[in-house]
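Here's input_35.pdb, which has PDB, C-alpha atoms:
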```pdb
ATOM      1  CA  GLY A  19     130.708 114.414  32.706  1.00  0.00           C
ATOM      2  CA  ASN A  20     127.582 113.616  34.654  1.00  0.00           C
ATOM      3  CA  SER A  21     127.084 110.120  36.005  1.00  0.00           C
ATOM      4  CA  VAL A  22     124.742 108.170  38.261  1.00  0.00           C
ATOM      5  CA  THR A  23     125.596 105.121  40.342  1.00  0.00           C
ATOM      6  CA  GLN A  24     122.892 102.978  41.882  1.00  0.00           C
ATOM      7  CA  MET A  25     122.943  99.792  43.852  1.00  0.00           C
ATOM      8  CA  GLU A  26     123.085  96.501  42.050  1.00  0.00           C
ATOM      9  CA  GLY A  27     120.000  94.356  41.931  1.00  0.00           C
ATOM     10  CA  PRO A  28     117.959  92.384  41.938  1.00  0.00           C
ATOM     11  CA  VAL A  29     116.409  93.286  45.259  1.00  0.00           C
ATOM     12  CA  THR A  30     113.913  90.776  46.591  1.00  0.00           C
ATOM     13  CA  LEU A  31     111.605  91.787  49.422  1.00  0.00           C
ATOM     14  CA  SER A  32     108.544  90.391  51.098  1.00  0.00           C
ATOM     15  CA  GLU A  33     105.345  92.369  50.875  1.00  0.00           C
ATOM     16  CA  GLU A  34     105.149  95.190  53.451  1.00  0.00           C
ATOM     17  CA  ALA A  35     108.930  95.302  53.875  1.00  0.00           C
ATOM     18  CA  PHE A  36     110.875  98.578  53.892  1.00  0.00           C
ATOM     19  CA  LEU A  37     112.638  99.493  50.665  1.00  0.00           C
ATOM     20  CA  THR A  38     115.810 101.481  50.115  1.00  0.00           C
ATOM     21  CA  ILE A  39     117.528 101.761  46.759  1.00  0.00           C
ATOM     22  CA  ASN A  40     120.745 103.737  46.948  1.00  0.00           C
ATOM     23  CA  CYS A  41     121.708 106.294  44.331  1.00  0.00           C
ATOM     24  CA  THR A  42     124.674 108.645  44.189  1.00  0.00           C
ATOM     25  CA  TYR A  43     125.615 111.065  41.466  1.00  0.00           C
ATOM     26  CA  THR A  44     128.461 113.074  40.029  1.00  0.00           C
ATOM     27  CA  ALA A  45     127.642 116.311  38.295  1.00  0.00           C
ATOM     28  CA  THR A  46     128.824 119.842  37.776  1.00  0.00           C
ATOM     29  CA  GLY A  47     126.518 122.643  38.766  1.00  0.00           C
ATOM     30  CA  TYR A  48     123.074 122.038  40.178  1.00  0.00           C
ATOM     31  CA  PRO A  49     121.311 119.161  38.453  1.00  0.00           C
ATOM     32  CA  SER A  50     117.786 117.997  39.009  1.00  0.00           C
ATOM     33  CA  LEU A  51     117.364 114.406  40.169  1.00  0.00           C
ATOM     34  CA  PHE A  52     114.733 111.892  39.141  1.00  0.00           C
ATOM     35  CA  TRP A  53     113.528 108.390  39.793  1.00  0.00           C
ATOM     36  CA  TYR A  54     111.929 106.627  36.860  1.00  0.00           C
ATOM     37  CA  VAL A  55     110.153 103.262  37.044  1.00  0.00           C
ATOM     38  CA  GLN A  56     109.799 100.650  34.322  1.00  0.00           C
ATOM     39  CA  TYR A  57     107.126  98.003  34.830  1.00  0.00           C
ATOM     40  CA  PRO A  58     107.547  94.739  32.912  1.00  0.00           C
ATOM     41  CA  GLY A  59     107.056  95.261  29.195  1.00  0.00           C
ATOM     42  CA  GLU A  60     106.434  98.982  29.523  1.00  0.00           C
ATOM     43  CA  GLY A  61     108.232 102.280  28.976  1.00  0.00           C
ATOM     44  CA  LEU A  62     109.796 104.606  31.522  1.00  0.00           C
ATOM     45  CA  GLN A  63     107.523 106.572  33.817  1.00  0.00           C
ATOM     46  CA  LEU A  64     108.569 109.403  36.051  1.00  0.00           C
ATOM     47  CA  LEU A  65     108.090 108.354  39.671  1.00  0.00           C
ATOM     48  CA  LEU A  66     109.348 111.463  41.444  1.00  0.00           C
ATOM     49  CA  LYS A  67     111.797 114.304  41.149  1.00  0.00           C
ATOM     50  CA  ALA A  68     113.679 116.931  43.164  1.00  0.00           C
ATOM     51  CA  THR A  69     115.122 120.056  41.640  1.00  0.00           C
ATOM     52  CA  LYS A  70     117.308 121.513  44.388  1.00  0.00           C
ATOM     53  CA  ALA A  71     119.213 120.522  47.488  1.00  0.00           C
ATOM     54  CA  ASP A  72     117.114 119.309  50.453  1.00  0.00           C
ATOM     55  CA  ASP A  73     114.003 118.950  48.277  1.00  0.00           C
ATOM     56  CA  LYS A  74     112.018 115.793  48.884  1.00  0.00           C
ATOM     57  CA  GLY A  75     110.235 114.192  45.978  1.00  0.00           C
ATOM     58  CA  SER A  76     107.342 111.868  46.741  1.00  0.00           C
ATOM     59  CA  ASN A  77     104.750 109.846  44.873  1.00  0.00           C
ATOM     60  CA  LYS A  78     102.748 106.640  45.470  1.00  0.00           C
ATOM     61  CA  GLY A  79     104.367 106.192  48.898  1.00  0.00           C
ATOM     62  CA  PHE A  80     107.899 106.501  47.518  1.00  0.00           C
ATOM     63  CA  GLU A  81     110.209 109.264  48.720  1.00  0.00           C
ATOM     64  CA  ALA A  82     113.693 110.534  47.923  1.00  0.00           C
ATOM     65  CA  THR A  83     115.600 113.508  49.328  1.00  0.00           C
ATOM     66  CA  TYR A  84     118.169 115.477  47.334  1.00  0.00           C
ATOM     67  CA  ARG A  85     121.300 115.463  49.523  1.00  0.00           C
ATOM     68  CA  LYS A  86     123.957 117.713  48.062  1.00  0.00           C
ATOM     69  CA  GLU A  87     126.446 117.082  50.868  1.00  0.00           C
ATOM     70  CA  THR A  88     126.491 113.349  50.162  1.00  0.00           C
ATOM     71  CA  THR A  89     125.555 113.649  46.446  1.00  0.00           C
ATOM     72  CA  SER A  90     122.791 111.134  47.011  1.00  0.00           C
ATOM     73  CA  PHE A  91     119.123 110.603  46.117  1.00  0.00           C
ATOM     74  CA  HIS A  92     118.123 107.330  47.771  1.00  0.00           C
ATOM     75  CA  LEU A  93     114.666 105.939  47.046  1.00  0.00           C
ATOM     76  CA  GLU A  94     112.604 104.701  50.005  1.00  0.00           C
ATOM     77  CA  LYS A  95     109.195 103.217  50.627  1.00  0.00           C
ATOM     78  CA  GLY A  96     107.888 102.171  53.980  1.00  0.00           C
ATOM     79  CA  SER A  97     105.813  99.185  52.882  1.00  0.00           C
ATOM     80  CA  VAL A  98     106.213  97.661  49.429  1.00  0.00           C
ATOM     81  CA  GLN A  99     103.493  95.832  47.540  1.00  0.00           C
ATOM     82  CA  VAL A 100     103.671  93.120  44.901  1.00  0.00           C
ATOM     83  CA  SER A 101     102.564  95.741  42.380  1.00  0.00           C
ATOM     84  CA  ASP A 102     105.786  97.703  43.054  1.00  0.00           C
ATOM     85  CA  SER A 103     107.809  94.995  41.313  1.00  0.00           C
ATOM     86  CA  ALA A 104     109.632  96.820  38.541  1.00  0.00           C
ATOM     87  CA  VAL A 105     113.009  98.245  37.536  1.00  0.00           C
ATOM     88  CA  TYR A 106     113.848 101.582  39.155  1.00  0.00           C
ATOM     89  CA  PHE A 107     116.210 104.041  37.476  1.00  0.00           C
ATOM     90  CA  CYS A 108     117.890 106.959  39.200  1.00  0.00           C
ATOM     91  CA  ALA A 109     118.645 109.822  36.818  1.00  0.00           C
ATOM     92  CA  LEU A 110     119.903 113.373  36.676  1.00  0.00           C
ATOM     93  CA  ARG A 111     119.639 116.310  34.324  1.00  0.00           C
ATOM     94  CA  GLY A 112     122.052 119.208  34.187  1.00  0.00           C
ATOM     95  CA  GLY A 113     121.097 122.497  32.668  1.00  0.00           C
ATOM     96  CA  TYR A 114     120.042 122.202  28.995  1.00  0.00           C
ATOM     97  CA  GLN A 115     121.370 118.675  28.855  1.00  0.00           C
ATOM     98  CA  LYS A 116     120.114 115.160  28.368  1.00  0.00           C
ATOM     99  CA  VAL A 117     118.917 112.991  31.227  1.00  0.00           C
ATOM    100  CA  THR A 118     121.634 110.576  32.371  1.00  0.00           C
ATOM    101  CA  PHE A 119     120.433 107.284  33.826  1.00  0.00           C
ATOM    102  CA  GLY A 120     121.888 104.856  36.308  1.00  0.00           C
ATOM    103  CA  THR A 121     122.020 101.171  35.486  1.00  0.00           C
ATOM    104  CA  GLY A 122     118.660 100.384  37.052  1.00  0.00           C
ATOM    105  CA  THR A 123     117.729  98.239  40.060  1.00  0.00           C
ATOM    106  CA  LYS A 124     115.248  95.432  39.650  1.00  0.00           C
ATOM    107  CA  LEU A 125     112.845  95.065  42.563  1.00  0.00           C
ATOM    108  CA  GLN A 126     110.878  91.891  43.098  1.00  0.00           C
ATOM    109  CA  VAL A 127     108.266  91.832  45.849  1.00  0.00           C
ATOM    110  CA  ILE A 128     106.973  88.442  46.900  1.00  0.00           C
ATOM    111  CA  PRO A 129     103.672  87.868  48.710  1.00  0.00           C
TER     112      PRO A 129
ATOM    113  CA  GLU B  21      96.789 113.104  29.637  1.00  0.00           C
ATOM    114  CA  PRO B  22      99.124 113.865  26.736  1.00  0.00           C
ATOM    115  CA  GLU B  23     101.573 111.133  25.902  1.00  0.00           C
ATOM    116  CA  VAL B  24     104.424 110.266  23.589  1.00  0.00           C
ATOM    117  CA  THR B  25     103.446 107.643  21.043  1.00  0.00           C
ATOM    118  CA  GLN B  26     105.793 105.376  19.119  1.00  0.00           C
ATOM    119  CA  THR B  27     105.374 103.119  16.120  1.00  0.00           C
ATOM    120  CA  PRO B  28     105.930 100.327  15.419  1.00  0.00           C
ATOM    121  CA  SER B  29     105.826  98.585  18.771  1.00  0.00           C
ATOM    122  CA  HIS B  30     107.938  95.774  17.364  1.00  0.00           C
ATOM    123  CA  GLN B  31     109.885  95.458  14.129  1.00  0.00           C
ATOM    124  CA  VAL B  32     111.862  92.513  12.861  1.00  0.00           C
ATOM    125  CA  THR B  33     114.351  93.175  10.085  1.00  0.00           C
ATOM    126  CA  GLN B  34     117.222  91.537   8.291  1.00  0.00           C
ATOM    127  CA  MET B  35     120.774  92.723   8.873  1.00  0.00           C
ATOM    128  CA  GLY B  36     121.706  95.463   6.411  1.00  0.00           C
ATOM    129  CA  GLN B  37     118.151  96.719   5.968  1.00  0.00           C
ATOM    130  CA  GLU B  38     117.050 100.267   6.696  1.00  0.00           C
ATOM    131  CA  VAL B  39     114.667 100.870   9.570  1.00  0.00           C
ATOM    132  CA  ILE B  40     112.650 103.955  10.481  1.00  0.00           C
ATOM    133  CA  LEU B  41     111.198 104.294  13.948  1.00  0.00           C
ATOM    134  CA  ARG B  42     108.515 106.921  14.405  1.00  0.00           C
ATOM    135  CA  CYS B  43     107.515 109.026  17.362  1.00  0.00           C
ATOM    136  CA  VAL B  44     104.871 111.637  18.003  1.00  0.00           C
ATOM    137  CA  PRO B  45     106.045 113.785  20.921  1.00  0.00           C
ATOM    138  CA  ILE B  46     103.721 115.699  23.207  1.00  0.00           C
ATOM    139  CA  SER B  47     102.408 118.610  21.189  1.00  0.00           C
ATOM    140  CA  ASN B  48     103.779 121.614  23.083  1.00  0.00           C
ATOM    141  CA  HIS B  49     107.176 120.054  23.746  1.00  0.00           C
ATOM    142  CA  LEU B  50     110.263 121.472  22.086  1.00  0.00           C
ATOM    143  CA  TYR B  51     113.064 119.067  23.022  1.00  0.00           C
ATOM    144  CA  PHE B  52     113.202 115.547  21.632  1.00  0.00           C
ATOM    145  CA  TYR B  53     115.351 112.550  22.417  1.00  0.00           C
ATOM    146  CA  TRP B  54     116.078 108.989  21.429  1.00  0.00           C
ATOM    147  CA  TYR B  55     117.387 106.451  23.943  1.00  0.00           C
ATOM    148  CA  ARG B  56     117.905 102.744  23.629  1.00  0.00           C
ATOM    149  CA  GLN B  57     117.863  99.841  26.059  1.00  0.00           C
ATOM    150  CA  ILE B  58     119.432  96.512  25.257  1.00  0.00           C
ATOM    151  CA  LEU B  59     117.767  93.490  26.918  1.00  0.00           C
ATOM    152  CA  GLY B  60     116.427  95.438  29.893  1.00  0.00           C
ATOM    153  CA  GLN B  61     119.816  96.837  30.728  1.00  0.00           C
ATOM    154  CA  LYS B  62     121.000 100.420  31.051  1.00  0.00           C
ATOM    155  CA  VAL B  63     119.081 103.164  29.278  1.00  0.00           C
ATOM    156  CA  GLU B  64     121.579 104.720  26.856  1.00  0.00           C
ATOM    157  CA  PHE B  65     121.320 108.171  25.342  1.00  0.00           C
ATOM    158  CA  LEU B  66     121.512 108.374  21.568  1.00  0.00           C
ATOM    159  CA  VAL B  67     120.612 111.889  20.483  1.00  0.00           C
ATOM    160  CA  SER B  68     118.837 115.087  21.446  1.00  0.00           C
ATOM    161  CA  PHE B  69     117.111 117.428  19.000  1.00  0.00           C
ATOM    162  CA  TYR B  70     115.970 121.007  19.334  1.00  0.00           C
ATOM    163  CA  ASN B  71     115.017 123.728  16.897  1.00  0.00           C
ATOM    164  CA  ASN B  72     115.322 121.322  13.969  1.00  0.00           C
ATOM    165  CA  GLU B  73     118.857 120.306  14.634  1.00  0.00           C
ATOM    166  CA  ILE B  74     120.824 117.838  16.693  1.00  0.00           C
ATOM    167  CA  SER B  75     121.948 119.448  19.947  1.00  0.00           C
ATOM    168  CA  GLU B  76     123.901 116.486  21.313  1.00  0.00           C
ATOM    169  CA  LYS B  77     124.696 112.935  20.274  1.00  0.00           C
ATOM    170  CA  SER B  78     126.485 110.017  21.852  1.00  0.00           C
ATOM    171  CA  GLU B  79     129.252 107.917  20.358  1.00  0.00           C
ATOM    172  CA  ILE B  80     126.635 105.238  19.659  1.00  0.00           C
ATOM    173  CA  PHE B  81     124.945 107.631  17.221  1.00  0.00           C
ATOM    174  CA  ASP B  82     127.295 107.102  14.300  1.00  0.00           C
ATOM    175  CA  ASP B  83     126.829 107.751  10.586  1.00  0.00           C
ATOM    176  CA  GLN B  84     124.337 104.888  10.339  1.00  0.00           C
ATOM    177  CA  PHE B  85     121.856 106.830  12.451  1.00  0.00           C
ATOM    178  CA  SER B  86     119.897 109.938  11.546  1.00  0.00           C
ATOM    179  CA  VAL B  87     116.944 111.838  12.960  1.00  0.00           C
ATOM    180  CA  GLU B  88     114.489 114.266  11.514  1.00  0.00           C
ATOM    181  CA  ARG B  89     111.260 116.052  12.260  1.00  0.00           C
ATOM    182  CA  PRO B  90     109.712 116.053   8.822  1.00  0.00           C
ATOM    183  CA  ASP B  91     106.335 117.633   9.450  1.00  0.00           C
ATOM    184  CA  GLY B  92     106.275 119.385  12.801  1.00  0.00           C
ATOM    185  CA  SER B  93     104.640 116.495  14.606  1.00  0.00           C
ATOM    186  CA  ASN B  94     106.612 113.316  13.897  1.00  0.00           C
ATOM    187  CA  PHE B  95     110.155 112.710  15.104  1.00  0.00           C
ATOM    188  CA  THR B  96     111.907 109.828  13.387  1.00  0.00           C
ATOM    189  CA  LEU B  97     115.010 107.749  13.954  1.00  0.00           C
ATOM    190  CA  LYS B  98     116.494 106.089  10.896  1.00  0.00           C
ATOM    191  CA  ILE B  99     119.066 103.328  10.987  1.00  0.00           C
ATOM    192  CA  ARG B 100     120.543 103.098   7.512  1.00  0.00           C
ATOM    193  CA  SER B 101     122.018  99.600   7.531  1.00  0.00           C
ATOM    194  CA  THR B 102     121.089  97.624  10.603  1.00  0.00           C
ATOM    195  CA  LYS B 103     123.526  95.402  12.459  1.00  0.00           C
ATOM    196  CA  LEU B 104     122.821  92.568  14.856  1.00  0.00           C
ATOM    197  CA  GLU B 105     123.928  94.735  17.761  1.00  0.00           C
ATOM    198  CA  ASP B 106     121.263  97.313  16.940  1.00  0.00           C
ATOM    199  CA  SER B 107     118.701  94.918  18.402  1.00  0.00           C
ATOM    200  CA  ALA B 108     117.254  96.837  21.339  1.00  0.00           C
ATOM    201  CA  MET B 109     114.252  98.705  22.662  1.00  0.00           C
ATOM    202  CA  TYR B 110     114.293 102.269  21.345  1.00  0.00           C
ATOM    203  CA  PHE B 111     112.582 104.937  23.413  1.00  0.00           C
ATOM    204  CA  CYS B 112     111.548 108.350  22.206  1.00  0.00           C
ATOM    205  CA  ALA B 113     111.191 111.117  24.767  1.00  0.00           C
ATOM    206  CA  SER B 114     110.181 114.742  24.776  1.00  0.00           C
ATOM    207  CA  SER B 115     110.444 117.640  27.178  1.00  0.00           C
ATOM    208  CA  ARG B 116     108.709 120.974  27.313  1.00  0.00           C
ATOM    209  CA  THR B 117     111.836 122.722  28.480  1.00  0.00           C
ATOM    210  CA  GLY B 118     115.583 122.325  28.144  1.00  0.00           C
ATOM    211  CA  GLU B 119     116.105 123.453  31.727  1.00  0.00           C
ATOM    212  CA  ASN B 120     117.231 120.851  34.217  1.00  0.00           C
ATOM    213  CA  THR B 121     113.949 121.032  36.141  1.00  0.00           C
ATOM    214  CA  GLY B 122     112.051 119.585  33.218  1.00  0.00           C
ATOM    215  CA  GLU B 123     111.471 115.863  33.166  1.00  0.00           C
ATOM    216  CA  LEU B 124     111.467 113.761  30.028  1.00  0.00           C
ATOM    217  CA  PHE B 125     108.277 111.995  29.011  1.00  0.00           C
ATOM    218  CA  PHE B 126     108.881 108.634  27.384  1.00  0.00           C
ATOM    219  CA  GLY B 127     106.958 106.588  24.893  1.00  0.00           C
ATOM    220  CA  GLU B 128     106.271 102.878  25.298  1.00  0.00           C
ATOM    221  CA  GLY B 129     109.207 102.012  23.062  1.00  0.00           C
ATOM    222  CA  SER B 130     109.822 100.273  19.749  1.00  0.00           C
ATOM    223  CA  ARG B 131     111.440  96.878  19.967  1.00  0.00           C
ATOM    224  CA  LEU B 132     113.849  96.284  17.083  1.00  0.00           C
ATOM    225  CA  THR B 133     115.024  92.772  16.338  1.00  0.00           C
ATOM    226  CA  VAL B 134     117.769  92.402  13.727  1.00  0.00           C
ATOM    227  CA  LEU B 135     118.251  88.899  12.320  1.00  0.00           C
TER     228      LEU B 135
END
```
Structure encoded using structure tokens:
Amino acid sequence: GNSVTQMEGPVTLSEEAFLTINCTYTATGYPSLFWYVQYPGEGLQLLLKATKADDKGSNKGFEATYRKETTSFHLEKGSVQVSDSAVYFCALRGGYQKVTFGTGTKLQVIP
Amino acid sequence: EPEVTQTPSHQVTQMGQEVILRCVPISNHLYFYWYRQILGQKVEFLVSFYNNEISEKSEIFDDQFSVERPDGSNFTLKIRSTKLEDSAMYFCASSRTGENTGELFFGEGSRLTVL
């Protein structure tokens, strides 16, 4: 079945540092890939998505590129802010199926 | 902007009691889901629902769980006899399409505490 593996957290960075959160996936067919973010005490919000190979999703300074050859969808941001502190979930959706989530990576940004 | 709404935001119940969690999905969405998250850990799939029937369920979704869409707007999750391990945050989600390009929109969650 489909699965998502993402790097263990927590990740602690200083403000304005570069962020990478690794995500790899296993799936049959051609899934779409997503990053969701969960701020403390809140629900899950879609951060960005990519629906086919080589697509780049971007939002709020975050980017991720759908790499079929390496089955990866790493999340990056050039300069993190304290307000980016949250848990980030990589996820995939196969055709007419549920969304499958990774285990989540907690990001803490310190001033 | 349309959103998924869930009630209650927090419910405390005694072990063995029945609980109903309610969700109002986005109005033109056709696919509905329940997920749960225990103590900020992994987001686990429970069940998906389309065309008034369950389309997929996980092994977590045993006979103690049921879902229904009683009136065309609400989507409910019932736990018949709660156990301590049912304590979790329960998220409802909806999607306009079943195709893989469609993202799920999540509610703010209902926190269930079983004592």
Exercise. Near B:Thr33, counting only C-alpha atoms, which residues have an atom at most 12 Å away, once you skip same-chain residues fewer than 6 positions from it, shown as an NGL selection string?
Worked result: :B and (39-40 or 99-104 or 106-107 or 131-135)
Exercise. Within 6 Å of chain B, which residues of chain A show up when using all atoms listed in the file, listed as a PyMOL selection string?
Worked result: chain A and resi 50+60-62+69+111-114+121
Problem set entry | Selected residue of minimal separation from A:Phe36 among A:Lys95, A:Lys70, A:Lys124, A:Lys116, counting all atoms listed in the file |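 Closest residue, counting all atoms listed in the file: A:Lys95.
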Problem set entry | Residues matched by the PyMOL selection byres ((chain A and resi 87) around 12) as a ChimeraX atom specification | /A:42-44,71-72,83-86,88-91
Exercise. Once you count only C-alpha atoms, which residues end up no further than 12 Å from (106.7, 120.0, 11.7) in the file's frame, shown as an MDAnalysis selection string?
Worked result: chainID B and resid 44:45 47:48 50 71:72 88:96
Exercise. Between atom CA of A:Asn40 and atom CA of A:Met25, what is the spacing in Å?
Worked result: 5.5 Å
Problem set entry | Residues in the PyMOL selection byres ((chain A and resi 106) around 7), expressed as JSON, numbers by chain | {"A": [53, 54, 55, 56, 104, 105, 107, 108, 122, 123, 124]}
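Between atom CA of B:His30 and atom CA of A:Pro58 the separation is 15.6 Å.
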For this session: In Å, rounded to a single decimal, give me how far atom CA of B:Arg42 is from atom CA of B:Lys98.
Result: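 If I compute the distance from atom CA of B:Lys98 to atom CA of B:Arg42, I get 8.8 Å.
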For this session: Kindly indicate which residue among A:Pro129, A:Pro49, A:Gly96, A:Gly75 lies nearest to A:Asn20, using only C-alpha atoms for the distances.
Result: A:Pro49
Per-axis box centre and lengths in Å around stretch 36-44 of chain A, 4 Å margin per side, axis-aligned, as AutoDock Vina command-line options:
```
--center_x 119.7 --center_y 105.8 --center_z 47.0 --size_x 25.6 --size_y 22.5 --size_z 21.9
```
Exercise. Closest to A:Phe119 among A:Thr38, A:Ser97, A:Thr46, A:Thr23, using all atoms listed in the file?
Worked result: A:Thr23
For this session: Find the spatial neighbours of A:Thr118, counting all atoms listed in the file, within a cut-off of 7 Å - ignore same-chain residues fewer than 4 positions away - and output them as a list in words.
Result: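 Near A:Thr118, the qualifying residues are Ser21, Ala109, Leu110 and Arg111 of chain A.
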